[in-house]
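Shown here: coords02.pdb, PDB, C-alpha atoms and all ligand atoms.
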ATOM      1  CA  MET A  26      31.581  55.828  96.519
ATOM      2  CA  PRO A  27      34.819  54.114  95.387
ATOM      3  CA  ALA A  28      34.515  51.720  92.457
ATOM      4  CA  GLN A  29      33.927  48.088  93.426
ATOM      5  CA  ARG A  30      37.050  46.036  92.592
ATOM      6  CA  VAL A  31      35.752  43.004  90.735
ATOM      7  CA  GLY A  32      37.747  40.013  89.490
ATOM      8  CA  ILE A  33      36.371  38.037  86.509
ATOM      9  CA  THR A  34      37.640  34.501  85.962
ATOM     10  CA  GLY A  35      37.294  33.122  82.433
ATOM     11  CA  ALA A  36      37.241  36.749  81.228
ATOM     12  CA  ASN A  37      37.968  35.850  77.602
ATOM     13  CA  GLY A  38      35.138  33.317  77.314
ATOM     14  CA  THR A  39      31.767  33.986  75.708
ATOM     15  CA  ILE A  40      30.150  35.432  78.838
ATOM     16  CA  GLY A  41      33.406  36.962  80.094
ATOM     17  CA  ARG A  42      33.729  39.120  76.996
ATOM     18  CA  VAL A  43      30.119  40.298  77.345
ATOM     19  CA  LEU A  44      30.720  41.316  80.971
ATOM     20  CA  MET A  45      34.107  42.911  80.254
ATOM     21  CA  LYS A  46      32.379  45.171  77.738
ATOM     22  CA  GLY A  47      29.168  45.801  79.640
ATOM     23  CA  LEU A  48      30.033  46.015  83.319
ATOM     24  CA  ASN A  49      32.373  48.947  83.658
ATOM     25  CA  VAL A  50      30.510  51.469  81.503
ATOM     26  CA  GLU A  51      29.158  53.381  84.502
ATOM     27  CA  GLY A  52      32.584  53.522  86.173
ATOM     28  CA  ASP A  53      31.208  51.790  89.267
ATOM     29  CA  CYS A  54      33.365  48.667  88.709
ATOM     30  CA  GLU A  55      37.091  48.298  88.380
ATOM     31  CA  LEU A  56      37.540  44.984  86.573
ATOM     32  CA  THR A  57      40.460  42.591  87.019
ATOM     33  CA  PRO A  58      40.285  39.948  84.277
ATOM     34  CA  PHE A  59      41.769  36.484  84.786
ATOM     35  CA  THR A  60      42.482  34.188  81.854
ATOM     36  CA  ARG A  61      44.172  30.846  81.356
ATOM     37  CA  ARG A  62      46.538  32.136  78.680
ATOM     38  CA  PRO A  63      47.552  35.519  77.194
ATOM     39  CA  VAL A  64      44.662  37.088  75.270
ATOM     40  CA  ASP A  65      43.969  40.238  73.240
ATOM     41  CA  PHE A  66      43.507  42.407  76.377
ATOM     42  CA  PRO A  67      45.647  42.749  79.530
ATOM     43  CA  SER A  68      44.876  39.968  82.001
ATOM     44  CA  THR A  69      46.320  38.049  84.931
ATOM     45  CA  ILE A  70      47.134  34.463  83.968
ATOM     46  CA  VAL A  71      45.844  31.935  86.508
ATOM     47  CA  HIS A  72      44.990  28.251  86.127
ATOM     48  CA  PHE A  73      42.231  27.946  88.683
ATOM     49  CA  ASP A  74      42.840  24.246  89.179
ATOM     50  CA  SER A  75      46.353  24.991  90.478
ATOM     51  CA  ALA A  76      46.468  25.763  94.209
ATOM     52  CA  ALA A  77      49.868  27.432  93.857
ATOM     53  CA  GLU A  78      48.603  29.790  91.154
ATOM     54  CA  VAL A  79      45.308  30.633  92.848
ATOM     55  CA  GLU A  80      46.850  31.552  96.197
ATOM     56  CA  GLY A  81      47.212  35.332  96.357
ATOM     57  CA  ALA A  82      45.260  35.924  93.125
ATOM     58  CA  PHE A  83      42.327  37.738  94.791
ATOM     59  CA  GLN A  84      44.294  40.096  97.023
ATOM     60  CA  ASN A  85      42.549  43.503  97.206
ATOM     61  CA  LEU A  86      39.400  42.437  95.361
ATOM     62  CA  ASP A  87      35.931  43.245  96.750
ATOM     63  CA  ALA A  88      34.106  40.682  94.631
ATOM     64  CA  VAL A  89      34.786  37.933  92.111
ATOM     65  CA  ILE A  90      32.608  36.732  89.236
ATOM     66  CA  HIS A  91      33.587  33.102  88.706
ATOM     67  CA  LEU A  92      33.010  32.042  85.102
ATOM     68  CA  ALA A  93      36.054  29.846  84.461
ATOM     69  CA  ALA A  94      34.915  26.252  84.032
ATOM     70  CA  ASP A  95      34.384  23.553  81.473
ATOM     71  CA  PRO A  96      30.937  24.643  80.192
ATOM     72  CA  SER A  97      30.110  21.438  78.353
ATOM     73  CA  PRO A  98      27.296  19.129  79.517
ATOM     74  CA  SER A  99      29.101  16.332  77.675
ATOM     75  CA  ALA A 100      32.482  16.865  79.377
ATOM     76  CA  ASP A 101      33.923  13.762  81.019
ATOM     77  CA  TRP A 102      34.443  13.334  84.743
ATOM     78  CA  GLU A 103      38.164  14.136  84.671
ATOM     79  CA  ARG A 104      37.621  17.564  83.051
ATOM     80  CA  ILE A 105      34.684  18.369  85.331
ATOM     81  CA  ARG A 106      36.562  17.343  88.451
ATOM     82  CA  THR A 107      39.574  19.465  87.466
ATOM     83  CA  HIS A 108      38.021  22.658  86.083
ATOM     84  CA  ASN A 109      34.676  22.784  87.878
ATOM     85  CA  ILE A 110      35.079  21.000  91.216
ATOM     86  CA  ASP A 111      38.727  21.329  92.276
ATOM     87  CA  ALA A 112      38.840  24.868  90.854
ATOM     88  CA  MET A 113      35.624  25.869  92.656
ATOM     89  CA  TYR A 114      37.088  24.799  95.977
ATOM     90  CA  LEU A 115      40.298  26.745  95.312
ATOM     91  CA  VAL A 116      38.346  29.845  94.254
ATOM     92  CA  LEU A 117      36.221  29.846  97.414
ATOM     93  CA  GLU A 118      39.288  29.159  99.595
ATOM     94  CA  GLU A 119      41.035  32.130  98.013
ATOM     95  CA  CYS A 120      37.925  34.287  98.599
ATOM     96  CA  ARG A 121      38.054  33.310 102.268
ATOM     97  CA  ARG A 122      41.822  33.841 102.537
ATOM     98  CA  ALA A 123      41.793  37.221 100.744
ATOM     99  CA  ALA A 124      38.592  38.379 102.529
ATOM    100  CA  VAL A 125      36.738  38.848  99.229
ATOM    101  CA  LYS A 126      33.286  39.993 100.278
ATOM    102  CA  ARG A 127      31.272  38.309  97.526
ATOM    103  CA  LEU A 128      31.458  35.513  94.954
ATOM    104  CA  VAL A 129      29.081  35.585  91.983
ATOM    105  CA  PHE A 130      28.981  32.098  90.499
ATOM    106  CA  ALA A 131      27.954  31.027  86.990
ATOM    107  CA  SER A 132      25.640  28.094  87.672
ATOM    108  CA  THR A 133      23.381  26.667  85.000
ATOM    109  CA  ASN A 134      19.882  25.799  83.830
ATOM    110  CA  HIS A 135      21.209  22.240  83.435
ATOM    111  CA  THR A 136      20.805  21.759  87.198
ATOM    112  CA  MET A 137      17.078  21.326  86.422
ATOM    113  CA  HIS A 138      17.181  19.590  83.062
ATOM    114  CA  GLY A 139      15.924  16.299  84.393
ATOM    115  CA  ASN A 140      12.704  18.255  84.923
ATOM    116  CA  SER A 141      12.797  20.522  81.920
ATOM    117  CA  ILE A 142      13.920  18.533  78.916
ATOM    118  CA  LEU A 143      14.906  14.989  79.769
ATOM    119  CA  THR A 144      12.166  13.147  81.588
ATOM    120  CA  THR A 145       9.403  15.478  80.468
ATOM    121  CA  PRO A 146      10.481  17.135  77.207
ATOM    122  CA  GLU A 147       6.945  18.421  76.682
ATOM    123  CA  THR A 148       7.655  21.037  79.356
ATOM    124  CA  LEU A 149       9.319  23.025  76.590
ATOM    125  CA  ASP A 150       5.967  23.106  74.834
ATOM    126  CA  ALA A 151       4.703  26.663  75.270
ATOM    127  CA  SER A 152       1.145  25.471  75.903
ATOM    128  CA  THR A 153       1.975  23.680  79.172
ATOM    129  CA  ALA A 154       3.292  26.839  80.863
ATOM    130  CA  VAL A 155       5.462  25.022  83.420
ATOM    131  CA  ARG A 156       7.280  27.452  85.694
ATOM    132  CA  MET A 157       9.962  25.860  87.884
ATOM    133  CA  LYS A 158      10.652  27.484  91.237
ATOM    134  CA  LEU A 159      14.046  28.036  92.774
ATOM    135  CA  ASP A 160      13.412  25.543  95.544
ATOM    136  CA  ASP A 161      12.156  22.778  93.254
ATOM    137  CA  PRO A 162      14.434  19.755  93.752
ATOM    138  CA  PRO A 163      17.425  19.855  91.389
ATOM    139  CA  ASN A 164      17.478  17.242  88.647
ATOM    140  CA  PRO A 165      20.913  17.428  86.970
ATOM    141  CA  ASP A 166      21.467  16.023  83.484
ATOM    142  CA  SER A 167      25.277  15.614  83.477
ATOM    143  CA  TYR A 168      28.497  15.657  85.503
ATOM    144  CA  TYR A 169      28.601  19.302  84.433
ATOM    145  CA  ALA A 170      25.258  20.039  86.095
ATOM    146  CA  VAL A 171      26.278  18.104  89.203
ATOM    147  CA  SER A 172      29.452  20.214  89.425
ATOM    148  CA  LYS A 173      27.363  23.390  89.365
ATOM    149  CA  LEU A 174      25.162  22.057  92.192
ATOM    150  CA  PHE A 175      28.391  21.302  94.062
ATOM    151  CA  GLY A 176      29.443  24.918  93.473
ATOM    152  CA  GLU A 177      26.116  26.254  94.774
ATOM    153  CA  ASN A 178      26.369  24.092  97.882
ATOM    154  CA  LEU A 179      30.016  24.902  98.544
ATOM    155  CA  GLY A 180      28.978  28.540  98.247
ATOM    156  CA  LYS A 181      26.307  27.984 100.881
ATOM    157  CA  LEU A 182      28.914  26.449 103.206
ATOM    158  CA  TYR A 183      31.359  29.325 102.750
ATOM    159  CA  SER A 184      28.613  31.916 103.169
ATOM    160  CA  GLU A 185      27.525  30.342 106.454
ATOM    161  CA  GLN A 186      30.904  29.384 107.894
ATOM    162  CA  HIS A 187      33.300  31.944 106.452
ATOM    163  CA  GLY A 188      31.111  34.970 105.669
ATOM    164  CA  VAL A 189      31.779  34.938 101.906
ATOM    165  CA  GLU A 190      28.560  36.287 100.371
ATOM    166  CA  PHE A 191      27.427  34.062  97.513
ATOM    167  CA  VAL A 192      25.158  34.705  94.538
ATOM    168  CA  GLY A 193      24.602  31.683  92.288
ATOM    169  CA  LEU A 194      23.122  32.502  88.887
ATOM    170  CA  ARG A 195      21.464  29.619  87.040
ATOM    171  CA  ILE A 196      22.203  30.995  83.610
ATOM    172  CA  GLY A 197      20.102  30.074  80.570
ATOM    173  CA  TRP A 198      21.716  30.156  77.126
ATOM    174  CA  LEU A 199      23.876  33.029  75.941
ATOM    175  CA  THR A 200      25.669  32.900  72.597
ATOM    176  CA  ALA A 201      28.318  35.190  71.130
ATOM    177  CA  GLY A 202      25.957  36.173  68.293
ATOM    178  CA  ASP A 203      23.184  37.311  70.695
ATOM    179  CA  ASP A 204      20.565  36.020  68.234
ATOM    180  CA  PRO A 205      18.317  33.096  69.197
ATOM    181  CA  THR A 206      16.998  32.757  65.635
ATOM    182  CA  ALA A 207      20.356  31.268  64.636
ATOM    183  CA  PHE A 208      18.777  28.048  66.010
ATOM    184  CA  ARG A 209      15.572  28.310  63.954
ATOM    185  CA  GLY A 210      14.662  24.940  62.488
ATOM    186  CA  THR A 211      17.241  23.037  64.533
ATOM    187  CA  ALA A 212      16.687  20.449  67.258
ATOM    188  CA  SER A 213      17.695  23.136  69.781
ATOM    189  CA  GLU A 214      15.099  25.723  68.767
ATOM    190  CA  ASP A 215      12.565  24.957  71.529
ATOM    191  CA  TYR A 216      15.305  24.879  74.122
ATOM    192  CA  MET A 217      16.698  28.212  72.907
ATOM    193  CA  ARG A 218      13.242  29.820  72.947
ATOM    194  CA  ALA A 219      12.914  28.833  76.611
ATOM    195  CA  MET A 220      16.456  29.531  77.795
ATOM    196  CA  PHE A 221      17.657  32.511  75.712
ATOM    197  CA  LEU A 222      19.682  35.084  77.653
ATOM    198  CA  SER A 223      20.530  38.288  75.793
ATOM    199  CA  HIS A 224      23.807  40.082  76.342
ATOM    200  CA  ARG A 225      22.192  43.124  77.930
ATOM    201  CA  ASP A 226      20.086  40.990  80.286
ATOM    202  CA  CYS A 227      23.218  39.036  81.239
ATOM    203  CA  VAL A 228      25.078  42.247  82.095
ATOM    204  CA  GLU A 229      22.117  43.527  84.118
ATOM    205  CA  ALA A 230      21.837  40.248  86.069
ATOM    206  CA  HIS A 231      25.509  40.453  87.022
ATOM    207  CA  ARG A 232      25.165  44.122  87.927
ATOM    208  CA  CYS A 233      22.324  43.149  90.290
ATOM    209  CA  ALA A 234      24.357  40.210  91.646
ATOM    210  CA  LEU A 235      27.224  42.515  92.585
ATOM    211  CA  LYS A 236      24.916  44.929  94.410
ATOM    212  CA  VAL A 237      22.040  43.031  96.015
ATOM    213  CA  GLU A 238      22.045  42.764  99.805
ATOM    214  CA  THR A 239      22.324  39.086 100.663
ATOM    215  CA  ARG A 240      24.406  36.443 102.341
ATOM    216  CA  PHE A 241      23.371  33.674  99.940
ATOM    217  CA  LEU A 242      20.968  33.457  97.057
ATOM    218  CA  LEU A 243      20.243  31.518  93.889
ATOM    219  CA  ALA A 244      18.447  32.952  90.867
ATOM    220  CA  TYR A 245      17.350  31.959  87.362
ATOM    221  CA  VAL A 246      19.008  34.167  84.793
ATOM    222  CA  ILE A 247      17.220  34.066  81.434
ATOM    223  CA  SER A 248      15.556  36.714  79.323
ATOM    224  CA  ASP A 249      11.835  37.390  79.738
ATOM    225  CA  ASN A 250      11.003  34.613  77.282
ATOM    226  CA  ASP A 251       7.304  33.814  76.755
ATOM    227  CA  ARG A 252       8.310  30.158  76.550
ATOM    228  CA  ARG A 253      10.359  30.109  79.728
ATOM    229  CA  VAL A 254      10.101  27.155  82.082
ATOM    230  CA  PHE A 255      11.647  29.011  85.017
ATOM    231  CA  ASP A 256       9.740  31.284  87.374
ATOM    232  CA  LEU A 257      11.218  34.779  87.057
ATOM    233  CA  GLU A 258       9.079  36.405  89.745
ATOM    234  CA  GLU A 259      11.090  34.851  92.557
ATOM    235  CA  THR A 260      14.307  35.943  90.871
ATOM    236  CA  ALA A 261      12.985  39.505  90.533
ATOM    237  CA  ALA A 262      12.124  39.439  94.237
ATOM    238  CA  VAL A 263      15.465  38.117  95.506
ATOM    239  CA  LEU A 264      17.893  39.560  92.947
ATOM    240  CA  GLY A 265      16.068  42.641  91.652
ATOM    241  CA  PHE A 266      16.731  41.399  88.099
ATOM    242  CA  GLU A 267      14.044  42.253  85.556
ATOM    243  CA  PRO A 268      15.068  41.144  82.065
ATOM    244  CA  GLN A 269      14.153  43.321  79.061
ATOM    245  CA  ASP A 270      14.411  40.917  76.134
ATOM    246  CA  ASN A 271      12.228  38.021  74.972
ATOM    247  CA  ALA A 272      13.281  35.325  72.487
ATOM    248  CA  GLU A 273       9.823  35.491  70.859
ATOM    249  CA  ASP A 274      10.432  39.077  69.712
ATOM    250  CA  TYR A 275      13.407  37.863  67.662
ATOM    251  CA  PHE A 276      11.463  34.949  66.161
ATOM    252  CA  ALA A 277       8.610  37.288  65.194
ATOM    253  CA  HIS A 278      10.750  38.792  62.390
TER     254      HIS A 278
HETATM  255  N1  LIG B   1      27.141  30.433  77.758
HETATM  256  C1  LIG B   1      26.087  29.958  78.374
HETATM  257  O1  LIG B   1      24.997  29.975  77.813
HETATM  258  C2  LIG B   1      26.164  29.434  79.787
HETATM  259  C3  LIG B   1      24.987  28.926  80.364
HETATM  260  C4  LIG B   1      25.009  28.493  81.695
HETATM  261  C5  LIG B   1      26.188  28.566  82.427
HETATM  262  N2  LIG B   1      27.320  29.034  81.826
HETATM  263  C6  LIG B   1      28.543  29.071  82.639
HETATM  264  O2  LIG B   1      29.124  30.359  82.504
HETATM  265  C7  LIG B   1      30.539  30.253  82.535
HETATM  266  C8  LIG B   1      31.121  30.884  81.286
HETATM  267  O3  LIG B   1      30.581  30.222  80.160
HETATM  268  P1  LIG B   1      31.068  30.572  78.686
HETATM  269  O4  LIG B   1      29.974  30.199  77.775
HETATM  270  O5  LIG B   1      31.623  31.946  78.658
HETATM  271  O6  LIG B   1      32.237  29.489  78.529
HETATM  272  P2  LIG B   1      33.638  29.632  77.754
HETATM  273  O7  LIG B   1      34.154  28.238  77.557
HETATM  274  O8  LIG B   1      33.488  30.504  76.559
HETATM  275  O9  LIG B   1      34.552  30.384  78.811
HETATM  276  C9  LIG B   1      35.090  29.718  79.929
HETATM  277  C10 LIG B   1      36.484  30.254  80.151
HETATM  278  O10 LIG B   1      37.017  29.626  81.331
HETATM  279  C11 LIG B   1      38.387  29.366  81.106
HETATM  280  N3  LIG B   1      38.803  28.246  81.972
HETATM  281  C12 LIG B   1      38.296  27.001  81.998
HETATM  282  N4  LIG B   1      38.944  26.251  82.923
HETATM  283  C13 LIG B   1      39.866  27.069  83.480
HETATM  284  C14 LIG B   1      40.848  26.897  84.498
HETATM  285  N5  LIG B   1      41.010  25.719  85.109
HETATM  286  N6  LIG B   1      41.615  27.956  84.835
HETATM  287  C15 LIG B   1      41.478  29.140  84.204
HETATM  288  N7  LIG B   1      40.571  29.373  83.237
HETATM  289  C16 LIG B   1      39.785  28.339  82.881
HETATM  290  C17 LIG B   1      38.498  29.003  79.624
HETATM  291  O11 LIG B   1      39.805  29.261  79.145
HETATM  292  C18 LIG B   1      37.453  29.947  79.000
HETATM  293  O12 LIG B   1      38.023  31.155  78.580
HETATM  294  C19 LIG B   1      30.858  28.773  82.677
HETATM  295  O13 LIG B   1      31.074  28.508  84.043
HETATM  296  C20 LIG B   1      29.603  28.091  82.188
HETATM  297  O14 LIG B   1      29.433  26.831  82.802
HETATM  298  C21 LIG B   1      27.340  29.455  80.520
END
Go through the file and emit its structure as structure tokens.
Amino acid sequence: MPAQRVGITGANGTIGRVLMKGLNVEGDCELTPFTRRPVDFPSTIVHFDSAAEVEGAFQNLDAVIHLAADPSPSADWERIRTHNIDAMYLVLEECRRAAVKRLVFASTNHTMHGNSILTTPETLDASTAVRMKLDDPPNPDSYYAVSKLFGENLGKLYSEQHGVEFVGLRIGWLTAGDDPTAFRGTASEDYMRAMFLSHRDCVEAHRCALKVETRFLLAYVISDNDRRVFDLEETAAVLGFEPQDNAEDYFAH
């Protein structure tokens, strides 16, 4: 079978670098990285908030993993509108125009934070064993989270009306260091223990997202953390993703 031609936007970001390293090891993917400026590996420069630059960018690609965005829950409206909302529309339009078969979209756990850590922070307490389902009503905590819900819904529209397959991954928390214990003793420790996503689990989730048969799906993408607040059984059923790591194993040492 010929290698799948996969574009990665935001390829030099934290997750982009993990996928650039991890995705093409089996030779089943031919990666085309997109970055906003020249970086330390060959890439195509595209500002995804510029219609003129995005048009034609996805020619000859089978799939795109869309990571480029402002990833900050504290980003102001102007940044979110530009990098997450306008850019998402242009990315999906280019998928439609270039007949890209599939878009894999980096959504976020923040879409549910009103449920998980804001209104009921005790849900991060391991003893309560809350497990949110994929069809629980979203409860965004920021313009950032709202922009990711917009992305999921625009994906639904393009999957239904334009045949662009869409896989939205509600990603937990991945850091460059791949070590959740870096947050030991901080205010973020409980959150990290619930949301940790290891590099290898992140690669595997994206591998599944590129392959799974679907027109549209959403999934929670975290490691198999004992203290998770997301239901992973549904994700295993729809995406075929079965994470290997568990934040508690790191904290045990
Ligand atoms: N890291 C996490 O734990 C996490 C969790 C949930 C969701 N996500 C999502 O995953 C994606 C990647 O996250 P990350 O942690 O690697 O972020 P990052 O900031 O390290 O990388 C994002 C990249 O996107 C690029 N970018 C931003 N706006 C752009 C534009 N208009 N045009 C071109 N490039 C642009 C930036 O230059 C950067 O390289 C983001 O969409 C983020 O919201 C990340």
### Summary
Between A:Leu199, A:Val155, A:Ala272, A:Val43, smallest distance to ligand LIG 1 (chain B) by only C-alpha atoms and all ligand atoms belongs to A:Leu199
Determine the residue set returned by the PyMOL selection byres (((not hetatm)) within 9 of (chain B and resi 1)) for the present structure, and present it as a short mmCIF file (atom, residue, chain, number, x, y, z; two decimals) with C-alpha atoms, keeping the file's coordinate frame.
data_model
loop_
_atom_site.label_atom_id
_atom_site.label_comp_id
_atom_site.auth_asym_id
_atom_site.auth_seq_id
_atom_site.Cartn_x
_atom_site.Cartn_y
_atom_site.Cartn_z
CA THR A 34 37.64 34.50 85.96
CA GLY A 35 37.29 33.12 82.43
CA ALA A 36 37.24 36.75 81.23
CA ASN A 37 37.97 35.85 77.60
CA GLY A 38 35.14 33.32 77.31
CA THR A 39 31.77 33.99 75.71
CA ILE A 40 30.15 35.43 78.84
CA GLY A 41 33.41 36.96 80.09
CA ARG A 42 33.73 39.12 77.00
CA VAL A 43 30.12 40.30 77.34
CA PHE A 59 41.77 36.48 84.79
CA THR A 60 42.48 34.19 81.85
CA ARG A 61 44.17 30.85 81.36
CA ARG A 62 46.54 32.14 78.68
CA ILE A 70 47.13 34.46 83.97
CA VAL A 71 45.84 31.94 86.51
CA HIS A 72 44.99 28.25 86.13
CA PHE A 73 42.23 27.95 88.68
CA ASP A 74 42.84 24.25 89.18
CA SER A 75 46.35 24.99 90.48
CA HIS A 91 33.59 33.10 88.71
CA LEU A 92 33.01 32.04 85.10
CA ALA A 93 36.05 29.85 84.46
CA ALA A 94 34.92 26.25 84.03
CA ASP A 95 34.38 23.55 81.47
CA PRO A 96 30.94 24.64 80.19
CA SER A 97 30.11 21.44 78.35
CA PRO A 98 27.30 19.13 79.52
CA ARG A 104 37.62 17.56 83.05
CA THR A 107 39.57 19.46 87.47
CA HIS A 108 38.02 22.66 86.08
CA ASN A 109 34.68 22.78 87.88
CA ASP A 111 38.73 21.33 92.28
CA ALA A 112 38.84 24.87 90.85
CA PHE A 130 28.98 32.10 90.50
CA ALA A 131 27.95 31.03 86.99
CA SER A 132 25.64 28.09 87.67
CA THR A 133 23.38 26.67 85.00
CA ASN A 134 19.88 25.80 83.83
CA HIS A 135 21.21 22.24 83.44
CA TYR A 169 28.60 19.30 84.43
CA ALA A 170 25.26 20.04 86.10
CA LYS A 173 27.36 23.39 89.36
CA LEU A 194 23.12 32.50 88.89
CA ARG A 195 21.46 29.62 87.04
CA ILE A 196 22.20 31.00 83.61
CA GLY A 197 20.10 30.07 80.57
CA TRP A 198 21.72 30.16 77.13
CA LEU A 199 23.88 33.03 75.94
CA THR A 200 25.67 32.90 72.60
CA ALA A 201 28.32 35.19 71.13
CA MET A 220 16.46 29.53 77.80
CA PHE A 221 17.66 32.51 75.71
CA LEU A 222 19.68 35.08 77.65
CA VAL A 246 19.01 34.17 84.79
#
### Query
What gap, in Å, lies between atom CA of His231 of chain A and atom CA of Met45 of chain A?
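For atom CA of His231 of chain A relative to atom CA of Met45 of chain A, the distance reads 11.2 Å.
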### Message
From the options A:Gly202, A:Gly47, A:Pro165, A:Pro58, which residue's atoms come nearest to Gly139 of chain A, counting only C-alpha atoms?
### Response
A:Pro165
### Task
Calculate how many Å separate atom CA of Glu190 of chain A from atom CA of Thr239 of chain A, rounding to one decimal.
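It comes out at 6.8 Å.
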### Task
Between A:Arg106, A:Arg218, A:Arg122, A:Lys158, single out the one closest to Gln84 of chain A, counting only C-alpha atoms.
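With only C-alpha atoms as the atom set, the closest residue is A:Arg122.
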### Query
For the point (31.6, 37.9, 96.0) in file coordinates, what residues are within 9 Å, counting all atoms listed in the file? Give the answer as a PyMOL selection string?
chain A and resi 31+87-91+120+125-130+189-192+234-235
## Note on the structure
Ser184 of chain A proximity check over A:Glu78, A:Phe255, A:Glu267, A:Phe241, using all atoms listed in the file: winner is A:Phe241
### Task
Quote the spacing between atom CA of His187 of chain A and atom CA of Cys233 of chain A in Å to one decimal place.
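Here the two named atoms are 22.5 Å from each other.
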Long-range neighbours of Arg252 of chain A as a CSV table (one decimal) with C-alpha atoms, keeping the file's coordinate frame, 7 Å cut-off, only C-alpha atoms, 2 positions minimum in chain:
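The file below, around27.csv, is the result:
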chain,number,residue,atom,x,y,z
A,151,ALA,CA,4.7,26.7,75.3
A,218,ARG,CA,13.2,29.8,72.9
A,219,ALA,CA,12.9,28.8,76.6
A,250,ASN,CA,11.0,34.6,77.3
A,254,VAL,CA,10.1,27.2,82.1
Take the PyMOL selection byres (((chain A and resi 176) around 9) and not hetatm), apply it to the structure above, and return the hits as an mmCIF file with C-alpha atoms, in the frame of the given file.
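Output contents, as saved in result_28.cif:
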data_model
loop_
_atom_site.group_PDB
_atom_site.id
_atom_site.type_symbol
_atom_site.label_atom_id
_atom_site.label_comp_id
_atom_site.auth_asym_id
_atom_site.auth_seq_id
_atom_site.Cartn_x
_atom_site.Cartn_y
_atom_site.Cartn_z
ATOM 1 C CA ASN A 109 34.676 22.784 87.878
ATOM 2 C CA ILE A 110 35.079 21.000 91.216
ATOM 3 C CA MET A 113 35.624 25.869 92.656
ATOM 4 C CA TYR A 114 37.088 24.799 95.977
ATOM 5 C CA PHE A 130 28.981 32.098 90.499
ATOM 6 C CA SER A 132 25.640 28.094 87.672
ATOM 7 C CA VAL A 171 26.278 18.104 89.203
ATOM 8 C CA SER A 172 29.452 20.214 89.425
ATOM 9 C CA LYS A 173 27.363 23.390 89.365
ATOM 10 C CA LEU A 174 25.162 22.057 92.192
ATOM 11 C CA PHE A 175 28.391 21.302 94.062
ATOM 12 C CA GLU A 177 26.116 26.254 94.774
ATOM 13 C CA ASN A 178 26.369 24.092 97.882
ATOM 14 C CA LEU A 179 30.016 24.902 98.544
ATOM 15 C CA GLY A 180 28.978 28.540 98.247
ATOM 16 C CA LYS A 181 26.307 27.984 100.881
ATOM 17 C CA GLY A 193 24.602 31.683 92.288
#
### Query
Using all atoms listed in the file, which residues sit within 10 Å of Phe276 of chain A once same-chain residues fewer than 5 positions away are excluded, as JSON, numbers by chain?
{"A": [204, 205, 206, 207, 209, 218, 271]}
### Query
With distances taken over all atoms listed in the file, which of A:Tyr216, A:Ala277, A:Asp251, A:Ala230 is nearest to Gly265 of chain A?
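Among A:Tyr216, A:Ala277, A:Asp251, A:Ala230, it is A:Ala230 that comes nearest to Gly265 of chain A.
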